[in-house]
Amino acid sequence: MSIPQQGGGPIERSEQLVEYIASGEKPRDAWRIGTEHEKFGYTTDDLLPLPYDGPRSIKAMLEGLQQRFGWEPVYEKENIVGLHRDGANVSLEPGGQLELSGAPVETIHQTCDEVNLHLSEVREIADKMGAGFIGLGAAPIWRQDQMPMMPKGRYRLMTDYMGRVGALGTQMMYRTCTVQVNLDFGSEADMVQKLRVALALQPVATALFANSPFLDGKPNGMKSWRAHIWQNLDDARTGMLPFAFEDGMGYQRWVDYVLDVPMYFVYRDGNYINALGQSFRDFLAGRLPALPGEVPTLSDWADHLTTVFPEARVKKFIEMRGADGGPWRRLCALPALWVGLLYDQTALDAAWDLVKGWDHETREGLRRAAAREALQGSANGIGLHDLSRQVLEIAEHGLKARAKSGAGGLIADETHFLNALRESVDSGKVPADELLEKYHGPWHGDLDKIYAEYSY
């Protein structure tokens with residue numbers, strides 16, 4: 001969620017950085033699920049990306065949601081750039097990707113209801129203005145120069161920086177979409193175990209959700225181009241974080257890592273101040289070139305935490321970041337996968353037993369294989385297809401143990417939300433495989449057909 005964070009007042013002791021993260025600890029009965037998903041908007045007559053302004057635009061979409069469904073607006077200067085309602089937020093990614101950051105809820109039934117309501121609201125507004133929205137990991141046809149830039153100071157700074165640190169950074173910003181889930185931890189040890197499992201098994205999510213095999217109107221040689229981008233982008237703030245598996249991992253080690261990540265900006269009085277490449281350590285000492293003599297607040301620290309992009313990320317909760325955006329069923333399947341793995345201790349222990357013997361080479365090899373080949377990939381003798389089958393079995397046991405019923409008790413638990421992933425494991429085909437089959441088969445290479453068949 002790319003909006004300014006509210007963390008707190010001035011940082012007077014370095015220990016506050018650790019305390020900020022530790023303050024996210026919650027007892028098990030207070031653990032919640034927050035699902036985020038992004039989607040591309042387009043005009044239905046010419047299939048071009050929605051601009052920010054105009055009668056058919058992102059601005060019109062936000063204003064329509066505000067007026068019709070009671071969302072409260074979020075502005076940056078004079079521009080509407082987001083919405084909030086009942087603990088949920090709608091925000092904009094750099095190229096106009098519309099993101100729902102869901103409210104923290106107790107069950108996957110609830111998060112799925114929230115997604116369904118949001119998509120129905122979006123469709124009602126979009127239909128009236130001749131627009132559509134589609135869930136894919138990467139824009140299949142649009143060129144980089146066709147993508148609009150949303151009027152946010154953060155993105156102007158990031159665009160310049162990304163152009164200097166990797167060949168694919170601006171593609172990530174403007175032409176990719178993801179689905180994520182944010183989950184809680186109960187203690188420092190619980191955070192460490194969950195983070196290690198999340199990092200090690202992120203390639204399974206990448207493989208199962210791979211949904212970006214096209215770029216610039218043709219196959220790109222990857223099942224998940226979005227994942228490929230993250231593997232070739234700004235090593236200072238991405239990756240599988242081998243230090244997380246070393247002895248001594250904990251809150252302080254995470255803080256040390258984030259402090260070493262170069263800054264993007266400081267947010268002051270509605271403005272993003274350029275701090276590109278500068279050091280948060282210098283900021284703590286009052287030596288930040290962008291704001292000499294000024295020390296940071298906890299809100300600055302919260303903002304800086306949003307500028308690190310590893311495969312799993314710790315804030316006051318843990319974010320799972322490895323999946324491509326996709327169709328409605330998979331927006332509910334991602335939280336089901338990770339809740340099943342991480343929210344039942346027996347399942348979490350089983351998942352850790354599965355991965356604890358792996359070295360960094362194996363974890364990184366699986367990460368790269370997932371982007372290239374999805375379930376057909378392997379590394380160091382570990383096949384992603386078989387691994388995914390084992391992971392789904394663990395997740396199913398975890399969801400059964402939670403026994404969170406839905407539909408007024410008519411649905412006994414949350415396991416049915418894994419059905420889309422079971423179908424992939426049974427067939428060996430993920431969304432990218434299905435898209436490629438249609439491209440080479442009935443679509444005869446005409447990618448325009450993807451909009452009619454795969455829009456929400």
# chains A, B, ... in the order shown; residues from 1 in each chain; ligands from 1
>>> residues_around(residues="Gln180 in chain A", least_positions_apart="4", cutoff="9 Å", atoms="only C-alpha atoms", output="ChimeraX atom specification")
/A:34-37,319-325,331,334-335
>>> select_by_dssp(residues="range 39-111 of chain A", states="strand (DSSP E)", output="number ranges by chain")
A: 39-43, 72-76, 79-85, 88-92, 98-101
>>> closest_atom_pairs(of="range 30-80 of chain A", to="range 95-116 of chain A", cutoff="10 Å", atoms="only C-alpha atoms", output="Markdown table")
| residue | atom | partner | partner_atom | distance |
| --- | --- | --- | --- | --- |
| A:Ala30 | CA | A:Glu106 | CA | 8.1 |
| A:Trp31 | CA | A:Glu106 | CA | 7.1 |
| A:Arg32 | CA | A:Glu106 | CA | 4.9 |
| A:Ile33 | CA | A:Val105 | CA | 5.2 |
| A:Gly34 | CA | A:Pro104 | CA | 4.7 |
| A:Thr35 | CA | A:Gly102 | CA | 5.3 |
| A:Glu36 | CA | A:Ser101 | CA | 4.4 |
| A:His37 | CA | A:Glu99 | CA | 5.5 |
| A:Glu38 | CA | A:Glu99 | CA | 4.2 |
| A:Lys39 | CA | A:Gln97 | CA | 5.3 |
| A:Phe40 | CA | A:Gln97 | CA | 4.9 |
| A:Gly41 | CA | A:Gln97 | CA | 6.7 |
| A:Tyr42 | CA | A:Gly96 | CA | 9.7 |
| A:Pro49 | CA | A:Gly96 | CA | 8.1 |
| A:Leu50 | CA | A:Gly96 | CA | 7.1 |
| A:Pro51 | CA | A:Gly96 | CA | 7.3 |
| A:Tyr52 | CA | A:Gly96 | CA | 6.9 |
| A:Ser57 | CA | A:Gly96 | CA | 9.1 |
| A:Ile58 | CA | A:Gly96 | CA | 6.6 |
| A:Lys59 | CA | A:Gly96 | CA | 9.5 |
| A:Met61 | CA | A:Leu98 | CA | 9.4 |
| A:Leu62 | CA | A:Leu98 | CA | 9.3 |
>>> write_last_selection(atoms="C-alpha atoms", output="JSON list (two decimals), in the first residue's frame")
[["chain", "number", "residue", "atom", "x", "y", "z"],
["A", 30, "ALA", "CA", -6.12, -11.81, 17.64],
["A", 31, "TRP", "CA", -4.30, -12.96, 14.48],
["A", 32, "ARG", "CA", -5.95, -11.55, 11.39],
["A", 33, "ILE", "CA", -5.75, -11.83, 7.60],
["A", 34, "GLY", "CA", -5.20, -8.85, 5.29],
["A", 35, "THR", "CA", -5.42, -9.52, 1.55],
["A", 36, "GLU", "CA", -4.15, -7.08, -1.08],
["A", 37, "HIS", "CA", -4.61, -7.34, -4.82],
["A", 38, "GLU", "CA", -3.86, -5.17, -7.83],
["A", 39, "LYS", "CA", -5.52, -5.08, -11.23],
["A", 40, "PHE", "CA", -5.12, -3.30, -14.55],
["A", 41, "GLY", "CA", -7.81, -0.92, -15.80],
["A", 42, "TYR", "CA", -8.44, -0.33, -19.49],
["A", 49, "PRO", "CA", -4.67, 1.56, -20.13],
["A", 50, "LEU", "CA", -6.85, 3.97, -18.16],
["A", 51, "PRO", "CA", -5.25, 7.42, -17.80],
["A", 52, "TYR", "CA", -5.36, 9.24, -14.52],
["A", 57, "SER", "CA", -10.02, 7.30, -16.02],
["A", 58, "ILE", "CA", -8.61, 6.20, -12.70],
["A", 59, "LYS", "CA", -9.74, 9.50, -11.18],
["A", 61, "MET", "CA", -13.15, 5.38, -10.95],
["A", 62, "LEU", "CA", -12.10, 6.65, -7.52]]
>>> closest_residue(among="A:Ser378, A:Gln144, A:Asn271, A:Asn211", to="Asp433 in chain A", atoms="only C-alpha atoms")
A:Asn211
>>> closest_residue(among="A:Leu341, A:Glu188, A:Lys152, A:Ala371", to="Gly250 in chain A", atoms="only C-alpha atoms")
A:Glu188
>>> residues_around(residues="Gln390 in chain A", least_positions_apart="4", cutoff="12 Å", atoms="only C-alpha atoms", output="ChimeraX atom specification")
/A:201,204,337,341,347,350-351,353-355,382-386,394-397,422,425
>>> write_last_selection(atoms="N, CA and C atoms", output="PDB file, in the first residue's frame")
ATOM      1  N   LEU A 201       9.338 -20.979   0.936  1.00  0.00           N
ATOM      2  CA  LEU A 201       8.246 -21.520   0.123  1.00  0.00           C
ATOM      3  C   LEU A 201       7.612 -20.490  -0.798  1.00  0.00           C
ATOM      4  N   VAL A 204       6.955 -21.641  -4.310  1.00  0.00           N
ATOM      5  CA  VAL A 204       5.740 -22.425  -4.542  1.00  0.00           C
ATOM      6  C   VAL A 204       4.593 -21.504  -4.915  1.00  0.00           C
ATOM      7  N   LEU A 337      -3.687 -20.473   1.211  1.00  0.00           N
ATOM      8  CA  LEU A 337      -2.409 -21.182   1.209  1.00  0.00           C
ATOM      9  C   LEU A 337      -1.576 -20.795   2.423  1.00  0.00           C
ATOM     10  N   LEU A 341      -0.633 -22.675   6.126  1.00  0.00           N
ATOM     11  CA  LEU A 341       0.748 -23.017   6.468  1.00  0.00           C
ATOM     12  C   LEU A 341       1.214 -22.379   7.770  1.00  0.00           C
ATOM     13  N   ALA A 347       1.034 -27.333  11.425  1.00  0.00           N
ATOM     14  CA  ALA A 347       1.313 -27.117  10.005  1.00  0.00           C
ATOM     15  C   ALA A 347       2.591 -26.311   9.819  1.00  0.00           C
ATOM     16  N   ALA A 350       5.506 -28.514  10.327  1.00  0.00           N
ATOM     17  CA  ALA A 350       5.673 -29.433   9.197  1.00  0.00           C
ATOM     18  C   ALA A 350       6.284 -28.712   8.006  1.00  0.00           C
ATOM     19  N   ALA A 351       5.850 -27.470   7.770  1.00  0.00           N
ATOM     20  CA  ALA A 351       6.422 -26.696   6.664  1.00  0.00           C
ATOM     21  C   ALA A 351       7.895 -26.404   6.916  1.00  0.00           C
ATOM     22  N   ASP A 353       9.937 -28.231   8.753  1.00  0.00           N
ATOM     23  CA  ASP A 353      10.649 -29.492   8.568  1.00  0.00           C
ATOM     24  C   ASP A 353      10.927 -29.755   7.087  1.00  0.00           C
ATOM     25  N   LEU A 354      10.010 -29.313   6.230  1.00  0.00           N
ATOM     26  CA  LEU A 354      10.155 -29.527   4.793  1.00  0.00           C
ATOM     27  C   LEU A 354      11.325 -28.742   4.212  1.00  0.00           C
ATOM     28  N   VAL A 355      11.608 -27.559   4.764  1.00  0.00           N
ATOM     29  CA  VAL A 355      12.562 -26.654   4.128  1.00  0.00           C
ATOM     30  C   VAL A 355      13.827 -26.396   4.942  1.00  0.00           C
ATOM     31  N   ILE A 382      14.960 -30.927  -6.317  1.00  0.00           N
ATOM     32  CA  ILE A 382      13.634 -30.665  -5.759  1.00  0.00           C
ATOM     33  C   ILE A 382      12.745 -30.130  -6.870  1.00  0.00           C
ATOM     34  N   GLY A 383      11.689 -30.846  -7.195  1.00  0.00           N
ATOM     35  CA  GLY A 383      10.769 -30.412  -8.242  1.00  0.00           C
ATOM     36  C   GLY A 383       9.634 -29.597  -7.646  1.00  0.00           C
ATOM     37  N   LEU A 384       9.300 -28.490  -8.291  1.00  0.00           N
ATOM     38  CA  LEU A 384       8.265 -27.618  -7.772  1.00  0.00           C
ATOM     39  C   LEU A 384       6.880 -28.254  -7.819  1.00  0.00           C
ATOM     40  N   HIS A 385       6.668 -29.164  -8.768  1.00  0.00           N
ATOM     41  CA  HIS A 385       5.359 -29.816  -8.839  1.00  0.00           C
ATOM     42  C   HIS A 385       5.133 -30.695  -7.604  1.00  0.00           C
ATOM     43  N   ASP A 386       6.086 -31.545  -7.302  1.00  0.00           N
ATOM     44  CA  ASP A 386       5.948 -32.408  -6.137  1.00  0.00           C
ATOM     45  C   ASP A 386       5.974 -31.600  -4.841  1.00  0.00           C
ATOM     46  N   ILE A 394      -0.029 -29.839   3.542  1.00  0.00           N
ATOM     47  CA  ILE A 394       0.197 -29.212   4.850  1.00  0.00           C
ATOM     48  C   ILE A 394      -0.800 -28.080   5.077  1.00  0.00           C
ATOM     49  N   ALA A 395      -0.993 -27.235   4.042  1.00  0.00           N
ATOM     50  CA  ALA A 395      -1.919 -26.114   4.172  1.00  0.00           C
ATOM     51  C   ALA A 395      -3.343 -26.595   4.433  1.00  0.00           C
ATOM     52  N   GLU A 396      -3.735 -27.678   3.779  1.00  0.00           N
ATOM     53  CA  GLU A 396      -5.082 -28.211   3.993  1.00  0.00           C
ATOM     54  C   GLU A 396      -5.260 -28.682   5.432  1.00  0.00           C
ATOM     55  N   HIS A 397      -4.264 -29.371   5.955  1.00  0.00           N
ATOM     56  CA  HIS A 397      -4.338 -29.804   7.358  1.00  0.00           C
ATOM     57  C   HIS A 397      -4.419 -28.593   8.294  1.00  0.00           C
ATOM     58  N   ARG A 422      -5.364 -26.911  -6.020  1.00  0.00           N
ATOM     59  CA  ARG A 422      -5.392 -28.365  -6.200  1.00  0.00           C
ATOM     60  C   ARG A 422      -5.551 -28.716  -7.679  1.00  0.00           C
ATOM     61  N   VAL A 425      -2.198 -28.427  -9.305  1.00  0.00           N
ATOM     62  CA  VAL A 425      -1.303 -29.528  -8.961  1.00  0.00           C
ATOM     63  C   VAL A 425      -1.751 -30.813  -9.662  1.00  0.00           C
TER      64      VAL A 425
END
>>> closest_residue(among="A:Phe317, A:Trp352, A:Phe280, A:Trp230", to="Asp260 in chain A", atoms="only C-alpha atoms")
A:Phe280
>>> select_by_dssp(residues="range 156-396 of chain A", states="helix (DSSP H, G or I)", output="ChimeraX atom specification")
/A:156-165,169-175,188-208,225-230,242-245,251-259,280-284,298-305,328-342,345-355,360-376,384-396
>>> write_last_selection(atoms="C-alpha atoms", output="CSV table (one decimal), in the first residue's frame")
chain,number,residue,atom,x,y,z
A,156,ARG,CA,8.3,10.3,-9.5
A,157,LEU,CA,11.3,9.7,-7.3
A,158,MET,CA,11.1,6.0,-7.6
A,159,THR,CA,10.9,6.1,-11.4
A,160,ASP,CA,14.1,8.0,-11.6
A,161,TYR,CA,15.8,5.7,-9.1
A,162,MET,CA,14.6,2.5,-10.7
A,163,GLY,CA,15.9,3.6,-14.1
A,164,ARG,CA,19.4,3.7,-12.5
A,165,VAL,CA,19.5,0.4,-10.5
A,169,GLY,CA,12.6,-1.5,-12.5
A,170,THR,CA,10.2,0.7,-14.3
A,171,GLN,CA,8.5,-2.4,-15.8
A,172,MET,CA,7.9,-3.5,-12.2
A,173,MET,CA,6.4,-0.2,-11.3
A,174,TYR,CA,4.1,0.3,-14.3
A,175,ARG,CA,3.4,-3.0,-15.9
A,188,GLU,CA,10.0,-12.9,18.0
A,189,ALA,CA,10.5,-16.6,17.7
A,190,ASP,CA,7.2,-17.0,15.9
A,191,MET,CA,8.1,-14.2,13.5
A,192,VAL,CA,11.4,-15.8,12.7
A,193,GLN,CA,9.9,-19.2,12.0
A,194,LYS,CA,7.1,-17.8,9.9
A,195,LEU,CA,9.5,-15.6,7.9
A,196,ARG,CA,11.8,-18.5,7.2
A,197,VAL,CA,9.0,-20.7,5.9
A,198,ALA,CA,7.5,-17.8,4.0
A,199,LEU,CA,10.8,-17.0,2.2
A,200,ALA,CA,11.7,-20.7,1.5
A,201,LEU,CA,8.2,-21.5,0.1
A,202,GLN,CA,7.6,-18.3,-1.8
A,203,PRO,CA,8.7,-20.1,-5.0
A,204,VAL,CA,5.7,-22.4,-4.5
A,205,ALA,CA,3.4,-19.4,-4.5
A,206,THR,CA,5.2,-18.0,-7.5
A,207,ALA,CA,4.8,-21.2,-9.4
A,208,LEU,CA,1.2,-21.9,-8.5
A,225,TRP,CA,7.6,-12.3,-15.9
A,226,ARG,CA,6.7,-10.4,-12.8
A,227,ALA,CA,8.8,-12.7,-10.7
A,228,HIS,CA,11.6,-12.5,-13.3
A,229,ILE,CA,11.6,-8.8,-12.9
A,230,TRP,CA,12.0,-9.0,-9.1
A,242,PRO,CA,20.0,-15.6,3.4
A,243,PHE,CA,20.7,-13.8,6.7
A,244,ALA,CA,17.2,-14.7,7.8
A,245,PHE,CA,18.2,-18.3,8.1
A,251,TYR,CA,13.9,-8.2,15.3
A,252,GLN,CA,17.3,-6.5,15.6
A,253,ARG,CA,18.7,-8.3,12.6
A,254,TRP,CA,15.7,-7.3,10.5
A,255,VAL,CA,16.2,-3.7,11.7
A,256,ASP,CA,19.9,-3.8,10.7
A,257,TYR,CA,19.0,-5.1,7.3
A,258,VAL,CA,16.4,-2.3,6.6
A,259,LEU,CA,18.8,0.4,7.9
A,280,PHE,CA,18.5,6.1,7.4
A,281,ARG,CA,21.5,5.6,9.8
A,282,ASP,CA,22.6,9.2,9.0
A,283,PHE,CA,19.0,10.3,9.4
A,284,LEU,CA,19.0,8.9,13.0
A,298,LEU,CA,8.5,6.6,13.7
A,299,SER,CA,6.3,7.5,10.7
A,300,ASP,CA,9.5,8.0,8.7
A,301,TRP,CA,10.6,4.5,9.8
A,302,ALA,CA,7.3,3.1,8.9
A,303,ASP,CA,7.6,4.7,5.4
A,304,HIS,CA,11.1,3.3,5.0
A,305,LEU,CA,10.0,-0.2,5.9
A,328,TRP,CA,-11.0,-14.1,-8.6
A,329,ARG,CA,-10.7,-17.6,-7.2
A,330,ARG,CA,-6.9,-17.2,-6.8
A,331,LEU,CA,-7.4,-13.9,-4.9
A,332,CYS,CA,-9.0,-16.1,-2.2
A,333,ALA,CA,-6.6,-19.0,-2.7
A,334,LEU,CA,-3.5,-17.1,-1.8
A,335,PRO,CA,-4.6,-16.2,1.8
A,336,ALA,CA,-5.8,-19.8,2.1
A,337,LEU,CA,-2.4,-21.2,1.2
A,338,TRP,CA,-0.5,-19.0,3.7
A,339,VAL,CA,-3.0,-19.1,6.5
A,340,GLY,CA,-3.0,-22.9,6.3
A,341,LEU,CA,0.7,-23.0,6.5
A,342,LEU,CA,1.4,-20.4,9.1
A,345,GLN,CA,1.5,-24.6,14.8
A,346,THR,CA,1.5,-28.2,13.6
A,347,ALA,CA,1.3,-27.1,10.0
A,348,LEU,CA,4.0,-24.5,10.5
A,349,ASP,CA,6.3,-27.0,12.1
A,350,ALA,CA,5.7,-29.4,9.2
A,351,ALA,CA,6.4,-26.7,6.7
A,352,TRP,CA,9.6,-25.8,8.5
A,353,ASP,CA,10.6,-29.5,8.6
A,354,LEU,CA,10.2,-29.5,4.8
A,355,VAL,CA,12.6,-26.7,4.1
A,360,HIS,CA,20.6,-20.6,-0.1
A,361,GLU,CA,21.5,-22.1,-3.4
A,362,THR,CA,18.5,-24.3,-3.3
A,363,ARG,CA,16.1,-21.6,-2.2
A,364,GLU,CA,17.4,-19.2,-4.9
A,365,GLY,CA,17.4,-22.0,-7.5
A,366,LEU,CA,13.7,-22.7,-6.8
A,367,ARG,CA,12.9,-19.0,-7.0
A,368,ARG,CA,14.4,-18.7,-10.4
A,369,ALA,CA,12.9,-22.0,-11.7
A,370,ALA,CA,9.5,-20.9,-10.6
A,371,ALA,CA,9.6,-17.8,-12.7
A,372,ARG,CA,10.8,-19.7,-15.8
A,373,GLU,CA,8.9,-22.9,-15.6
A,374,ALA,CA,6.3,-22.8,-12.8
A,375,LEU,CA,5.4,-26.3,-11.7
A,376,GLN,CA,7.8,-27.8,-14.3
A,384,LEU,CA,8.3,-27.6,-7.8
A,385,HIS,CA,5.4,-29.8,-8.8
A,386,ASP,CA,5.9,-32.4,-6.1
A,387,LEU,CA,6.9,-29.7,-3.6
A,388,SER,CA,3.7,-27.9,-4.3
A,389,ARG,CA,1.7,-31.0,-3.7
A,390,GLN,CA,3.3,-31.5,-0.3
A,391,VAL,CA,2.8,-27.9,0.6
A,392,LEU,CA,-0.9,-28.0,-0.3
A,393,GLU,CA,-1.3,-31.1,1.9
A,394,ILE,CA,0.2,-29.2,4.8
A,395,ALA,CA,-1.9,-26.1,4.2
A,396,GLU,CA,-5.1,-28.2,4.0
>>> closest_residue(among="A:Ser212, A:Ser23, A:Asn89, A:Gln66", to="Phe185 in chain A", atoms="only C-alpha atoms")
A:Ser23
